[in-house]
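A.B. asks: My structure is in my_file_14.cif, and what it holds is mmCIF, C-alpha atoms and all ligand atoms:
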```cif
data_my_file
#
loop_
_atom_site.group_PDB
_atom_site.id
_atom_site.type_symbol
_atom_site.label_atom_id
_atom_site.label_comp_id
_atom_site.auth_asym_id
_atom_site.auth_seq_id
_atom_site.Cartn_x
_atom_site.Cartn_y
_atom_site.Cartn_z
ATOM 1 C CA MET Y 137 83.751 85.027 101.831
ATOM 2 C CA LEU Y 138 84.060 88.628 100.719
ATOM 3 C CA ILE Y 139 87.660 89.498 99.844
ATOM 4 C CA LYS Y 140 87.084 93.066 98.711
ATOM 5 C CA MET Y 141 84.158 95.445 98.887
ATOM 6 C CA HIS Y 142 83.422 98.214 96.413
ATOM 7 C CA ILE Y 143 84.635 101.617 97.608
ATOM 8 C CA PRO Y 144 83.662 104.710 95.593
ATOM 9 C CA SER Y 145 86.588 106.523 94.009
ATOM 10 C CA GLN Y 146 87.626 109.925 95.350
ATOM 11 C CA TYR Y 147 85.743 111.618 92.485
ATOM 12 C CA LYS Y 148 82.552 109.614 93.097
ATOM 13 C CA ARG Y 149 82.746 110.322 96.841
ATOM 14 C CA TYR Y 150 83.113 114.017 96.040
ATOM 15 C CA LEU Y 151 80.015 113.908 93.821
ATOM 16 C CA GLN Y 152 78.049 112.063 96.515
ATOM 17 C CA SER Y 153 79.063 114.737 99.026
ATOM 18 C CA ILE Y 154 78.152 117.779 96.923
ATOM 19 C CA HIS Y 155 74.969 116.235 95.541
ATOM 20 C CA ASP Y 156 71.979 118.347 96.714
ATOM 21 C CA ARG Y 157 74.361 120.938 98.121
ATOM 22 C CA ILE Y 158 75.038 122.789 94.866
ATOM 23 C CA GLU Y 159 73.874 122.600 91.256
ATOM 24 C CA LEU Y 160 76.116 120.157 89.413
ATOM 25 C CA ASN Y 161 77.327 120.864 85.896
ATOM 26 C CA LYS Y 162 76.052 118.577 83.134
ATOM 27 C CA HIS Y 163 79.072 116.305 83.129
ATOM 28 C CA ASP Y 164 79.167 115.797 86.907
ATOM 29 C CA LEU Y 165 75.408 115.286 87.090
ATOM 30 C CA TYR Y 166 75.550 112.647 84.363
ATOM 31 C CA GLU Y 167 78.469 110.869 86.057
ATOM 32 C CA PHE Y 168 76.706 110.993 89.419
ATOM 33 C CA GLN Y 169 73.418 109.606 88.104
ATOM 34 C CA GLN Y 170 75.093 106.844 86.102
ATOM 35 C CA TYR Y 171 77.195 105.894 89.077
ATOM 36 C CA GLN Y 172 74.269 105.787 91.500
ATOM 37 C CA LEU Y 173 72.161 103.689 89.141
ATOM 38 C CA GLY Y 174 74.994 101.247 88.489
ATOM 39 C CA TYR Y 175 75.824 101.081 92.175
ATOM 40 C CA GLU Y 176 72.250 100.243 93.162
ATOM 41 C CA GLY Y 177 72.234 97.345 90.704
ATOM 42 C CA GLU Y 178 75.568 96.038 91.961
ATOM 43 C CA LEU Y 179 74.482 96.420 95.578
ATOM 44 C CA GLN Y 180 71.403 94.304 94.922
ATOM 45 C CA PHE Y 181 73.573 91.547 93.444
ATOM 46 C CA TYR Y 182 76.174 91.887 96.196
ATOM 47 C CA GLU Y 183 73.500 91.262 98.837
ATOM 48 C CA ARG Y 184 72.567 88.011 97.097
ATOM 49 C CA LEU Y 185 76.215 86.931 96.957
ATOM 50 C CA LEU Y 186 76.761 87.677 100.650
ATOM 51 C CA ALA Y 187 74.213 84.995 101.490
ATOM 52 C CA LEU Y 188 76.298 82.351 99.665
ATOM 53 C CA ASP Y 189 79.382 80.532 100.848
ATOM 54 C CA ILE Y 190 81.624 81.750 98.011
ATOM 55 C CA CYS Y 191 84.924 83.577 97.693
ATOM 56 C CA PHE Y 192 84.460 86.867 95.809
ATOM 57 C CA ILE Y 193 85.634 90.370 94.999
ATOM 58 C CA TRP Y 194 83.278 93.265 94.398
ATOM 59 C CA ASP Y 195 84.908 95.663 91.915
ATOM 60 C CA PHE Y 196 88.353 95.112 90.546
ATOM 61 C CA GLN Y 197 89.960 97.873 88.513
ATOM 62 C CA CYS Y 198 93.395 97.498 87.069
ATOM 63 C CA LYS Y 199 95.750 99.257 84.681
ATOM 64 C CA GLN Y 200 97.647 96.210 83.473
ATOM 65 C CA ASN Y 201 98.095 96.883 79.712
ATOM 66 C CA GLY Y 202 95.352 99.528 79.667
ATOM 67 C CA TRP Y 203 92.488 100.067 82.106
ATOM 68 C CA PHE Y 204 89.796 97.528 82.678
ATOM 69 C CA GLN Y 205 87.247 96.835 85.348
ATOM 70 C CA ASN Y 206 85.380 93.765 86.611
ATOM 71 C CA ASP Y 207 82.246 94.192 88.718
ATOM 72 C CA PHE Y 208 82.313 90.781 90.411
ATOM 73 C CA LEU Y 209 84.883 87.995 90.455
ATOM 74 C CA ILE Y 210 83.996 84.677 92.036
ATOM 75 C CA PHE Y 211 86.786 82.189 92.724
ATOM 76 C CA SER Y 212 86.012 78.503 92.559
ATOM 77 C CA ARG Y 213 89.060 76.221 92.353
ATOM 78 C CA ASP Y 214 90.187 76.247 88.724
ATOM 79 C CA LYS Y 215 87.574 78.765 87.618
ATOM 80 C CA ILE Y 216 86.871 82.483 87.979
ATOM 81 C CA ILE Y 217 83.355 83.632 87.190
ATOM 82 C CA HIS Y 218 83.383 87.256 86.094
ATOM 83 C CA ILE Y 219 80.012 89.007 86.226
ATOM 84 C CA ASP Y 220 79.260 92.413 84.807
ATOM 85 C CA VAL Y 221 76.063 93.892 86.251
ATOM 86 C CA LYS Y 222 74.072 96.407 84.215
ATOM 87 C CA ASN Y 223 71.216 98.284 85.819
ATOM 88 C CA PHE Y 224 69.721 99.559 82.557
ATOM 89 C CA THR Y 225 66.083 100.620 82.694
ATOM 90 C CA GLY Y 226 63.488 100.607 79.919
ATOM 91 C CA ILE Y 227 63.447 99.229 76.413
ATOM 92 C CA TYR Y 228 66.558 98.723 74.313
ATOM 93 C CA HIS Y 229 67.086 97.405 70.832
ATOM 94 C CA TYR Y 230 70.040 95.249 69.834
ATOM 95 C CA GLU Y 231 71.830 96.207 66.635
ATOM 96 C CA LYS Y 232 75.265 95.109 65.420
ATOM 97 C CA GLY Y 233 76.628 94.566 68.898
ATOM 98 C CA ASN Y 234 75.174 97.778 70.329
ATOM 99 C CA LEU Y 235 72.302 98.306 72.728
ATOM 100 C CA ILE Y 236 70.261 101.318 71.699
ATOM 101 C CA LYS Y 237 67.770 102.817 74.118
ATOM 102 C CA LYS Y 238 64.368 103.356 72.575
ATOM 103 C CA GLY Y 239 63.652 106.974 71.664
ATOM 104 C CA THR Y 240 67.132 108.206 72.597
ATOM 105 C CA SER Y 241 70.609 108.351 71.119
ATOM 106 C CA VAL Y 242 71.991 106.343 74.029
ATOM 107 C CA TYR Y 243 73.837 103.301 72.862
ATOM 108 C CA VAL Y 244 76.193 100.996 74.689
ATOM 109 C CA ASP Y 245 78.462 98.334 73.387
ATOM 110 C CA CYS Y 246 78.324 96.169 76.481
ATOM 111 C CA PHE Y 247 79.276 92.922 74.762
ATOM 112 C CA SER Y 248 82.616 94.192 73.531
ATOM 113 C CA GLN Y 249 83.133 95.822 76.966
ATOM 114 C CA LEU Y 250 82.537 92.412 78.527
ATOM 115 C CA ASN Y 251 84.910 90.686 76.096
ATOM 116 C CA ARG Y 252 87.580 93.266 76.690
ATOM 117 C CA ALA Y 253 87.327 92.920 80.477
ATOM 118 C CA HIS Y 254 87.409 89.149 80.024
ATOM 119 C CA MET Y 255 90.569 89.213 77.907
ATOM 120 C CA LYS Y 256 92.317 91.708 80.169
ATOM 121 C CA LEU Y 257 91.545 89.545 83.169
ATOM 122 C CA GLU Y 258 93.025 86.533 81.386
ATOM 123 C CA HIS Y 259 96.120 88.633 80.686
ATOM 124 C CA ILE Y 260 96.725 89.513 84.287
ATOM 125 C CA LEU Y 261 96.120 85.918 85.381
ATOM 126 C CA ASN Y 262 98.724 84.869 82.866
ATOM 127 C CA TYR Y 263 101.080 87.575 84.086
ATOM 128 C CA LEU Y 264 100.651 86.316 87.660
ATOM 129 C CA GLY Y 265 101.189 82.766 86.455
ATOM 130 C CA LYS Y 266 97.713 81.488 87.368
ATOM 131 C CA GLN Y 267 95.858 78.782 85.511
ATOM 132 C CA TYR Y 268 92.277 79.875 86.150
ATOM 133 C CA GLN Y 269 89.670 79.463 83.463
ATOM 134 C CA VAL Y 270 87.595 82.654 83.141
ATOM 135 C CA GLU Y 271 83.874 82.571 82.480
ATOM 136 C CA SER Y 272 82.275 85.975 81.834
ATOM 137 C CA LYS Y 273 78.594 86.705 82.262
ATOM 138 C CA LEU Y 274 76.387 89.711 81.797
ATOM 139 C CA LEU Y 275 73.521 90.347 84.186
ATOM 140 C CA PHE Y 276 70.804 92.901 83.371
ATOM 141 C CA ILE Y 277 69.447 93.235 86.878
ATOM 142 C CA ASN Y 278 66.668 95.784 86.433
ATOM 143 C CA ASP Y 279 63.254 94.234 85.901
ATOM 144 C CA THR Y 280 62.094 97.125 83.675
ATOM 145 C CA PHE Y 281 64.839 96.308 81.160
ATOM 146 C CA ARG Y 282 63.796 94.771 77.834
ATOM 147 C CA LEU Y 283 66.089 93.930 74.955
ATOM 148 C CA ASN Y 284 64.527 93.518 71.548
ATOM 149 C CA GLY Y 285 66.219 91.899 68.581
ATOM 150 C CA PHE Y 286 68.661 89.871 70.652
ATOM 151 C CA MET Y 287 68.858 86.075 70.623
ATOM 152 C CA GLN Y 288 69.064 84.384 73.998
ATOM 153 C CA HIS Y 289 72.643 83.720 75.030
ATOM 154 C CA GLU Y 290 73.855 81.301 77.710
ATOM 155 C CA HIS Y 291 76.030 83.935 79.427
ATOM 156 C CA VAL Y 292 73.447 86.715 79.421
ATOM 157 C CA TYR Y 293 70.981 86.867 82.314
ATOM 158 C CA TYR Y 294 67.948 89.079 82.928
ATOM 159 C CA ALA Y 295 66.252 90.073 86.190
ATOM 160 C CA HIS Y 296 63.850 87.127 86.029
ATOM 161 C CA GLN Y 297 66.866 84.781 85.818
ATOM 162 C CA LEU Y 298 68.619 86.190 88.861
ATOM 163 C CA ASP Y 299 67.651 83.216 91.054
ATOM 164 C CA GLU Y 300 68.926 80.854 88.368
ATOM 165 C CA LEU Y 301 72.286 82.636 88.272
ATOM 166 C CA VAL Y 302 72.556 82.737 92.061
ATOM 167 C CA SER Y 303 71.821 79.023 92.350
ATOM 168 C CA TYR Y 304 74.413 78.290 89.648
ATOM 169 C CA LEU Y 305 76.978 80.164 91.776
ATOM 170 C CA ALA Y 306 75.834 78.379 94.929
ATOM 171 C CA ARG Y 307 76.502 75.016 93.266
ATOM 172 C CA LEU Y 308 80.063 75.830 92.196
ATOM 173 C CA PRO Y 309 82.795 73.700 93.804
ATOM 174 C CA LYS Y 310 83.665 75.231 97.165
ATOM 175 C CA TYR Y 311 86.643 77.576 97.145
ATOM 176 C CA GLN Y 312 89.901 76.483 98.696
ATOM 177 C CA ARG Y 313 92.559 78.231 100.717
ATOM 178 C CA THR Y 314 94.569 78.814 97.524
ATOM 179 C CA ASP Y 315 91.604 80.755 96.052
ATOM 180 C CA ILE Y 316 91.534 83.104 99.031
ATOM 181 C CA LYS Y 317 95.278 83.529 98.820
ATOM 182 C CA PHE Y 318 95.158 84.332 95.125
ATOM 183 C CA ALA Y 319 92.147 86.692 95.430
ATOM 184 C CA LYS Y 320 94.137 88.630 98.045
ATOM 185 C CA GLN Y 321 97.145 88.688 95.741
ATOM 186 C CA LEU Y 322 94.999 89.955 92.858
ATOM 187 C CA ILE Y 323 93.559 92.899 94.795
ATOM 188 C CA GLN Y 324 97.078 94.184 95.346
ATOM 189 C CA HIS Y 325 96.753 95.242 91.686
ATOM 190 C CA HIS Y 326 93.472 97.106 92.231
ATOM 191 C CA GLU Y 327 93.473 100.862 91.582
ATOM 192 C CA ASN Y 328 90.557 102.687 93.157
ATOM 193 C CA ASP Y 329 90.951 105.991 91.313
ATOM 194 C CA HIS Y 330 90.803 106.218 87.547
ATOM 195 C CA PRO Y 331 93.288 108.778 86.133
ATOM 196 C CA LYS Y 332 90.581 110.237 83.868
ATOM 197 C CA GLU Y 333 88.428 111.132 86.872
ATOM 198 C CA ILE Y 334 89.483 114.657 87.715
ATOM 199 C CA ILE Y 335 87.637 116.604 90.392
ATOM 200 C CA GLN Y 336 86.621 120.119 89.388
ATOM 201 C CA TYR Y 337 86.066 121.675 92.789
ATOM 202 C CA TYR Y 338 83.032 123.897 93.331
ATOM 203 C CA PRO Y 339 83.373 126.716 95.918
ATOM 204 C CA PHE Y 340 82.894 125.337 99.419
ATOM 205 C CA GLU Y 341 81.242 128.524 100.695
ATOM 206 C CA LYS Y 342 78.419 128.115 98.158
ATOM 207 C CA MET Y 343 77.430 124.656 99.439
ATOM 208 C CA ASN Y 344 74.114 124.171 101.228
ATOM 209 C CA GLY Y 345 74.799 122.939 104.726
ATOM 210 C CA GLY Y 346 72.922 120.340 106.706
ATOM 211 C CA ILE Y 347 73.535 116.866 108.078
ATOM 212 C CA ARG Y 348 73.216 114.112 105.505
ATOM 213 C CA CYS Y 349 71.401 110.960 106.532
ATOM 214 C CA PRO Y 350 73.695 107.926 106.115
ATOM 215 C CA LYS Y 351 70.672 105.739 105.399
ATOM 216 C CA CYS Y 352 68.672 107.642 102.755
ATOM 217 C CA ASN Y 353 71.319 110.288 101.846
ATOM 218 C CA LYS Y 354 68.875 113.161 102.293
ATOM 219 C CA ILE Y 355 70.182 116.359 103.848
ATOM 220 C CA GLY Y 356 68.369 117.707 106.901
ATOM 221 C CA MET Y 357 68.836 115.509 109.955
ATOM 222 C CA THR Y 358 67.852 117.547 112.991
ATOM 223 C CA ALA Y 359 68.526 117.404 116.696
ATOM 224 C CA ALA Y 360 66.098 118.177 119.463
ATOM 225 C CA THR Y 361 67.515 120.531 122.111
ATOM 226 C CA ASN Y 362 69.658 118.702 124.637
ATOM 227 C CA SER Y 363 69.370 115.459 122.690
ATOM 228 C CA ARG Y 364 72.497 113.451 121.920
ATOM 229 C CA TYR Y 365 70.930 112.197 118.698
ATOM 230 C CA VAL Y 366 69.941 113.568 115.319
ATOM 231 C CA ARG Y 367 67.127 112.084 113.304
ATOM 232 C CA CYS Y 368 65.889 112.021 109.736
ATOM 233 C CA ASP Y 369 62.367 111.995 108.300
ATOM 234 C CA CYS Y 370 63.090 108.459 107.056
ATOM 235 C CA GLY Y 371 63.286 107.269 110.658
ATOM 236 C CA ALA Y 372 67.080 106.886 110.873
ATOM 237 C CA THR Y 373 68.684 108.071 114.105
ATOM 238 C CA ILE Y 374 72.407 108.505 114.784
ATOM 239 C CA SER Y 375 74.372 110.095 117.589
ATOM 240 C CA LYS Y 376 75.406 113.733 117.248
ATOM 241 C CA LYS Y 377 78.989 112.612 117.514
ATOM 242 C CA GLU Y 378 78.650 110.239 114.553
ATOM 243 C CA ALA Y 379 76.846 112.948 112.568
ATOM 244 C CA PHE Y 380 79.653 115.359 113.350
ATOM 245 C CA MET Y 381 82.339 112.863 112.276
ATOM 246 C CA ASN Y 382 80.523 112.163 108.984
ATOM 247 C CA MET Y 383 80.028 115.850 108.265
ATOM 248 C CA PHE Y 384 83.617 116.697 109.138
ATOM 249 C CA ASN Y 385 84.834 114.181 106.557
ATOM 250 C CA GLU Y 386 82.304 115.378 104.005
ATOM 251 C CA ALA Y 387 83.291 119.035 104.502
ATOM 252 C CA LEU Y 388 86.979 118.173 104.225
ATOM 253 C CA LEU Y 389 86.369 116.291 100.983
ATOM 254 C CA ILE Y 390 84.314 119.175 99.558
ATOM 255 C CA LYS Y 391 86.677 121.978 100.586
ATOM 256 C CA ASN Y 392 89.854 120.000 99.982
ATOM 257 C CA GLU Y 393 91.586 122.276 102.490
ATOM 258 C CA PRO Y 394 91.691 122.446 106.297
ATOM 259 C CA LEU Y 395 88.481 123.650 107.949
ATOM 260 C CA LYS Y 396 87.661 126.401 110.428
ATOM 261 C CA CYS Y 397 85.287 125.889 113.337
ATOM 262 C CA SER Y 398 82.916 128.550 111.975
ATOM 263 C CA GLU Y 399 82.750 126.764 108.616
ATOM 264 C CA LEU Y 400 81.726 123.546 110.356
ATOM 265 C CA VAL Y 401 79.097 125.372 112.394
ATOM 266 C CA ASP Y 402 77.568 126.699 109.151
ATOM 267 C CA PHE Y 403 77.943 123.368 107.394
ATOM 268 C CA THR Y 404 76.423 121.160 110.102
ATOM 269 C CA GLY Y 405 73.956 123.576 111.693
ATOM 270 C CA LEU Y 406 75.117 122.276 115.086
ATOM 271 C CA PRO Y 407 75.683 124.804 117.925
ATOM 272 C CA GLU Y 408 79.153 126.340 118.034
ATOM 273 C CA ARG Y 409 79.761 124.968 121.540
ATOM 274 C CA THR Y 410 79.070 121.428 120.371
ATOM 275 C CA VAL Y 411 81.243 121.746 117.260
ATOM 276 C CA GLN Y 412 84.106 123.258 119.250
ATOM 277 C CA ARG Y 413 83.913 120.472 121.832
ATOM 278 C CA TYR Y 414 83.994 117.739 119.188
ATOM 279 C CA LEU Y 415 86.824 119.457 117.314
ATOM 280 C CA THR Y 416 88.954 119.678 120.458
ATOM 281 C CA GLN Y 417 88.251 116.049 121.269
ATOM 282 C CA TYR Y 418 88.412 114.371 117.878
ATOM 283 C CA ALA Y 419 90.040 116.579 115.248
ATOM 284 C CA ASN Y 420 93.620 117.306 114.415
ATOM 285 C CA ARG Y 421 94.348 120.997 114.995
ATOM 286 C CA ILE Y 422 96.777 123.167 113.057
ATOM 287 C CA GLY Y 423 97.549 126.824 113.744
ATOM 288 C CA ASN Y 424 96.478 128.944 116.717
ATOM 289 C CA ASN Y 425 93.637 131.212 117.845
ATOM 290 C CA ARG Y 426 92.116 133.045 114.872
ATOM 291 C CA GLY Y 427 94.147 130.982 112.462
ATOM 292 C CA THR Y 428 92.990 127.649 113.883
ATOM 293 C CA TYR Y 429 92.193 125.009 111.301
ATOM 294 C CA TYR Y 430 91.431 121.304 111.407
ATOM 295 C CA ASP Y 431 92.786 118.981 108.753
ATOM 296 C CA GLY Y 432 91.531 115.546 109.767
ATOM 297 C CA LEU Y 433 90.210 113.367 112.532
ATOM 298 C CA LYS Y 434 92.597 112.115 115.203
HETATM 299 ZN ZN ZN Y 501 67.121 109.371 106.113
#
```
Kindly return the structure encoded in the file as structure tokens.
C.D. replies:
Amino acid sequence: MLIKMHIPSQYKRYLQSIHDRIELNKHDLYEFQQYQLGYEGELQFYERLLALDICFIWDFQCKQNGWFQNDFLIFSRDKIIHIDVKNFTGIYHYEKGNLIKKGTSVYVDCFSQLNRAHMKLEHILNYLGKQYQVESKLLFINDTFRLNGFMQHEHVYYAHQLDELVSYLARLPKYQRTDIKFAKQLIQHHENDHPKEIIQYYPFEKMNGGIRCPKCNKIGMTAATNSRYVRCDCGATISKKEAFMNMFNEALLIKNEPLKCSELVDFTGLPERTVQRYLTQYANRIGNNRGTYYDGLK
């Protein structure tokens, strides 16, 4: 039973929306790429968990005594299994607690990160008066990942041990109603936006327009004349209405201000008549005539 799904923060959603529409600065590009890579790894694990009869949370972020984040929390009676998923690619070397990527200056201290998240989780459980035992595990989910100089550890799993980990979770004592109740109580303390994530807005008028495919994320879904659908090269097809709704939200997120009809025509590439019809039907209008703007969906 899934209690909470991962939802990208406002900043990450902004990056996803402007990606391929404008050149990102170094910082944003790095954040975007790291996020996407991490997300793909977590998604792969999430899909395995969905197939099990377990009670879990995907992504818990909390500011109780300093920020910490848990990728996955699985509730099983008196135990919470906390799993941190790393989608690192390539060869790393282990040295004094750090993972150093071969041929680069990239190093990550994921063991102390894991310990910190473990301790912080214990703190909040204590604070909420819960007697769960926490077991933290690290999963390196990418099959290209190699770690040299590191002794095998019972709480560290690699891609080839994914089945082993999943079957361990499948064998856990079945969750009870109190687990569901507590998991729901815990997510009341979740904060989806990190205070250090500040959006530096790029100019909306400089963005490349086009309809983004919800399946492959590529920009450039097109509609045949008189068709009610738009389609992508990847084969995905959605209704024009759905495409419009998605693009309206994306444009609003990118501009961070109410939108004009003409801006949406440029942004979506849909005919003005179509955009105007959808706006009248589905969007919340402010102002009149030449000063007409839309600030959200109805
Ligand atoms: Zn596509």
A.B. asks: Here is a test: counting only C-alpha atoms, which residue of Y:Phe380, Y:Phe403, Y:Trp203, Y:Tyr243 is nearest to Pro350 in chain Y?
C.D. replies: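 Going through Y:Phe380, Y:Phe403, Y:Trp203, Y:Tyr243 one by one, the smallest distance to Pro350 in chain Y is for Y:Phe380.
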A.B. asks: Between CA of Phe340 in chain Y and CA of Thr416 in chain Y, what is the spacing in Å?
C.D. replies: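 CA of Phe340 in chain Y lies at a distance of 22.6 Å from CA of Thr416 in chain Y.
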A.B. asks: Could you give me, as JSON lines, a per-residue list for chain Y showing, wherever an atom lies at most 8 Å from an atom of ligand ZN 501 (chain Y), the closest pair of atoms and their distance in Å to one decimal, using only C-alpha atoms and all ligand atoms and sorting by chain then residue number from low to high?
C.D. replies:
```
{"residue": "Y:Arg348", "atom": "CA", "partner": "Y:ZN501", "partner_atom": "ZN", "distance": 7.7}
{"residue": "Y:Cys349", "atom": "CA", "partner": "Y:ZN501", "partner_atom": "ZN", "distance": 4.6}
{"residue": "Y:Pro350", "atom": "CA", "partner": "Y:ZN501", "partner_atom": "ZN", "distance": 6.7}
{"residue": "Y:Lys351", "atom": "CA", "partner": "Y:ZN501", "partner_atom": "ZN", "distance": 5.1}
{"residue": "Y:Cys352", "atom": "CA", "partner": "Y:ZN501", "partner_atom": "ZN", "distance": 4.1}
{"residue": "Y:Asn353", "atom": "CA", "partner": "Y:ZN501", "partner_atom": "ZN", "distance": 6.1}
{"residue": "Y:Lys354", "atom": "CA", "partner": "Y:ZN501", "partner_atom": "ZN", "distance": 5.7}
{"residue": "Y:Ile355", "atom": "CA", "partner": "Y:ZN501", "partner_atom": "ZN", "distance": 8.0}
{"residue": "Y:Met357", "atom": "CA", "partner": "Y:ZN501", "partner_atom": "ZN", "distance": 7.4}
{"residue": "Y:Arg367", "atom": "CA", "partner": "Y:ZN501", "partner_atom": "ZN", "distance": 7.7}
{"residue": "Y:Cys368", "atom": "CA", "partner": "Y:ZN501", "partner_atom": "ZN", "distance": 4.7}
{"residue": "Y:Asp369", "atom": "CA", "partner": "Y:ZN501", "partner_atom": "ZN", "distance": 5.9}
{"residue": "Y:Cys370", "atom": "CA", "partner": "Y:ZN501", "partner_atom": "ZN", "distance": 4.2}
{"residue": "Y:Gly371", "atom": "CA", "partner": "Y:ZN501", "partner_atom": "ZN", "distance": 6.3}
{"residue": "Y:Ala372", "atom": "CA", "partner": "Y:ZN501", "partner_atom": "ZN", "distance": 5.4}
```
A.B. asks: Could you check the closest approach to Met137 in chain Y for each of Y:Asp315, Y:Asp279, Y:Glu271, Y:Glu290 and tell me which residue wins, using all atoms listed in the file?
C.D. replies: Y:Asp315
A.B. asks: Given the file above and the PyMOL selection byres (((chain Y and resi 280) around 10) and not hetatm), which residues are selected, and can you give them as number ranges by chain?
C.D. replies: Y: 223-227, 276-279, 281-282, 294-295
A.B. asks: Take the selection from the previous step and output its residues with C-alpha atoms, as a CSV table (one decimal), in the frame of the given file.
C.D. replies:
```
chain,number,residue,atom,x,y,z
Y,223,ASN,CA,71.2,98.3,85.8
Y,224,PHE,CA,69.7,99.6,82.6
Y,225,THR,CA,66.1,100.6,82.7
Y,226,GLY,CA,63.5,100.6,79.9
Y,227,ILE,CA,63.4,99.2,76.4
Y,276,PHE,CA,70.8,92.9,83.4
Y,277,ILE,CA,69.4,93.2,86.9
Y,278,ASN,CA,66.7,95.8,86.4
Y,279,ASP,CA,63.3,94.2,85.9
Y,281,PHE,CA,64.8,96.3,81.2
Y,282,ARG,CA,63.8,94.8,77.8
Y,294,TYR,CA,67.9,89.1,82.9
Y,295,ALA,CA,66.3,90.1,86.2
```
A.B. asks: List the residues sitting within 12 Å of (81.4, 130.1, 108.2) in the file's frame, using only C-alpha atoms, as an NGL selection string.
C.D. replies: :Y and (340-345 or 387 or 395-405 or 408)
A.B. asks: For the PyMOL selection byres (((chain Y and resi 292) around 9) and not hetatm), applied here, can you spell out every residue it catches as an MDAnalysis selection string?
C.D. replies: chainID Y and resid 273:276 288:291 293:294
A.B. asks: Quote the spacing between CA of Gln417 in chain Y and CA of Tyr429 in chain Y in Å to one decimal place.
C.D. replies: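 Computing it gives 14.0 Å between the two atoms.
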A.B. asks: Written as a ChimeraX atom specification, which residues does the PyMOL selection byres (((chain Y and resi 217) around 6) and not hetatm) give for the file shown?
C.D. replies: /Y:209-210,216,218,270-272
A.B. asks: When you count all atoms listed in the file, which of these residues is closest to Asn328 in chain Y: Y:Arg426, Y:Lys199, Y:Arg184, Y:Lys232?
C.D. replies: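 Closest residue, counting all atoms listed in the file: Y:Lys199.
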A.B. asks: With distances taken over all atoms listed in the file, which of Y:Glu386, Y:Tyr228, Y:Arg421, Y:Glu258 is nearest to Val244 in chain Y?
C.D. replies: Y:Tyr228
A.B. asks: Calculated over all atoms listed in the file, which of the candidates Y:Asn424, Y:Gln321, Y:Leu151, Y:His330 has the smallest distance to Gly265 in chain Y?
C.D. replies: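 Of Y:Asn424, Y:Gln321, Y:Leu151, Y:His330, the one nearest Gly265 in chain Y, counting all atoms listed in the file, is Y:Gln321.
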A.B. asks: In Å, how far is it from CA of Tyr182 in chain Y to CA of Cys198 in chain Y?
C.D. replies: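 Rounded to one decimal, the two atoms are 20.3 Å apart.
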A.B. asks: Pick out the closest residue to Ala306 in chain Y from this set: Y:Ile390, Y:Cys191, Y:Ala360, Y:Leu283. Count all atoms listed in the file.
C.D. replies: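 Counting all atoms listed in the file, the residue closest to Ala306 in chain Y is Y:Cys191.
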A.B. asks: Would you mind listing what lies within 7 Å of range 307-313 of chain Y as a PyMOL selection string, with all atoms listed in the file counted and same-chain residues fewer than 5 positions away left out?
C.D. replies: chain Y and resi 190-191+211-213
A.B. asks: Excluding Arg149 in chain Y and any residue of its chain fewer than 2 positions from it, enumerate the residues within 12 Å of it, using all atoms listed in the file, and give them as a PyMOL selection string.
C.D. replies: chain Y and resi 143-147+151-155+164+167-168+171-172+328-329+333+335+385-390
A.B. asks: N, CA and C atoms are what I want for range 354-364 of chain Y; can you complete it accordingly and write them as a PDB file, in the coordinates of the input?
C.D. replies:
```
ATOM      1  N   LYS Y 354      69.508 111.846 102.330  1.00  0.00           N
ATOM      2  CA  LYS Y 354      68.875 113.161 102.293  1.00  0.00           C
ATOM      3  C   LYS Y 354      69.564 114.087 103.289  1.00  0.00           C
ATOM      4  N   ILE Y 355      69.590 115.383 102.938  1.00  0.00           N
ATOM      5  CA  ILE Y 355      70.182 116.359 103.848  1.00  0.00           C
ATOM      6  C   ILE Y 355      69.067 116.896 104.749  1.00  0.00           C
ATOM      7  N   GLY Y 356      69.367 117.107 106.023  1.00  0.00           N
ATOM      8  CA  GLY Y 356      68.369 117.707 106.901  1.00  0.00           C
ATOM      9  C   GLY Y 356      68.062 116.919 108.152  1.00  0.00           C
ATOM     10  N   MET Y 357      69.048 116.172 108.662  1.00  0.00           N
ATOM     11  CA  MET Y 357      68.836 115.509 109.955  1.00  0.00           C
ATOM     12  C   MET Y 357      68.827 116.603 111.010  1.00  0.00           C
ATOM     13  N   THR Y 358      67.940 116.502 111.972  1.00  0.00           N
ATOM     14  CA  THR Y 358      67.852 117.547 112.991  1.00  0.00           C
ATOM     15  C   THR Y 358      67.964 116.956 114.384  1.00  0.00           C
ATOM     16  N   ALA Y 359      68.369 117.836 115.308  1.00  0.00           N
ATOM     17  CA  ALA Y 359      68.526 117.404 116.696  1.00  0.00           C
ATOM     18  C   ALA Y 359      67.549 118.178 117.560  1.00  0.00           C
ATOM     19  N   ALA Y 360      66.920 117.480 118.474  1.00  0.00           N
ATOM     20  CA  ALA Y 360      66.098 118.177 119.463  1.00  0.00           C
ATOM     21  C   ALA Y 360      67.058 118.790 120.483  1.00  0.00           C
ATOM     22  N   THR Y 361      66.646 119.882 121.126  1.00  0.00           N
ATOM     23  CA  THR Y 361      67.515 120.531 122.111  1.00  0.00           C
ATOM     24  C   THR Y 361      67.880 119.528 123.203  1.00  0.00           C
ATOM     25  N   ASN Y 362      69.133 119.584 123.579  1.00  0.00           N
ATOM     26  CA  ASN Y 362      69.658 118.702 124.637  1.00  0.00           C
ATOM     27  C   ASN Y 362      69.682 117.214 124.278  1.00  0.00           C
ATOM     28  N   SER Y 363      69.333 116.875 123.051  1.00  0.00           N
ATOM     29  CA  SER Y 363      69.370 115.459 122.690  1.00  0.00           C
ATOM     30  C   SER Y 363      70.769 115.118 122.185  1.00  0.00           C
ATOM     31  N   ARG Y 364      71.186 113.883 122.419  1.00  0.00           N
ATOM     32  CA  ARG Y 364      72.497 113.451 121.920  1.00  0.00           C
ATOM     33  C   ARG Y 364      72.374 112.826 120.541  1.00  0.00           C
TER      34      ARG Y 364
END
```
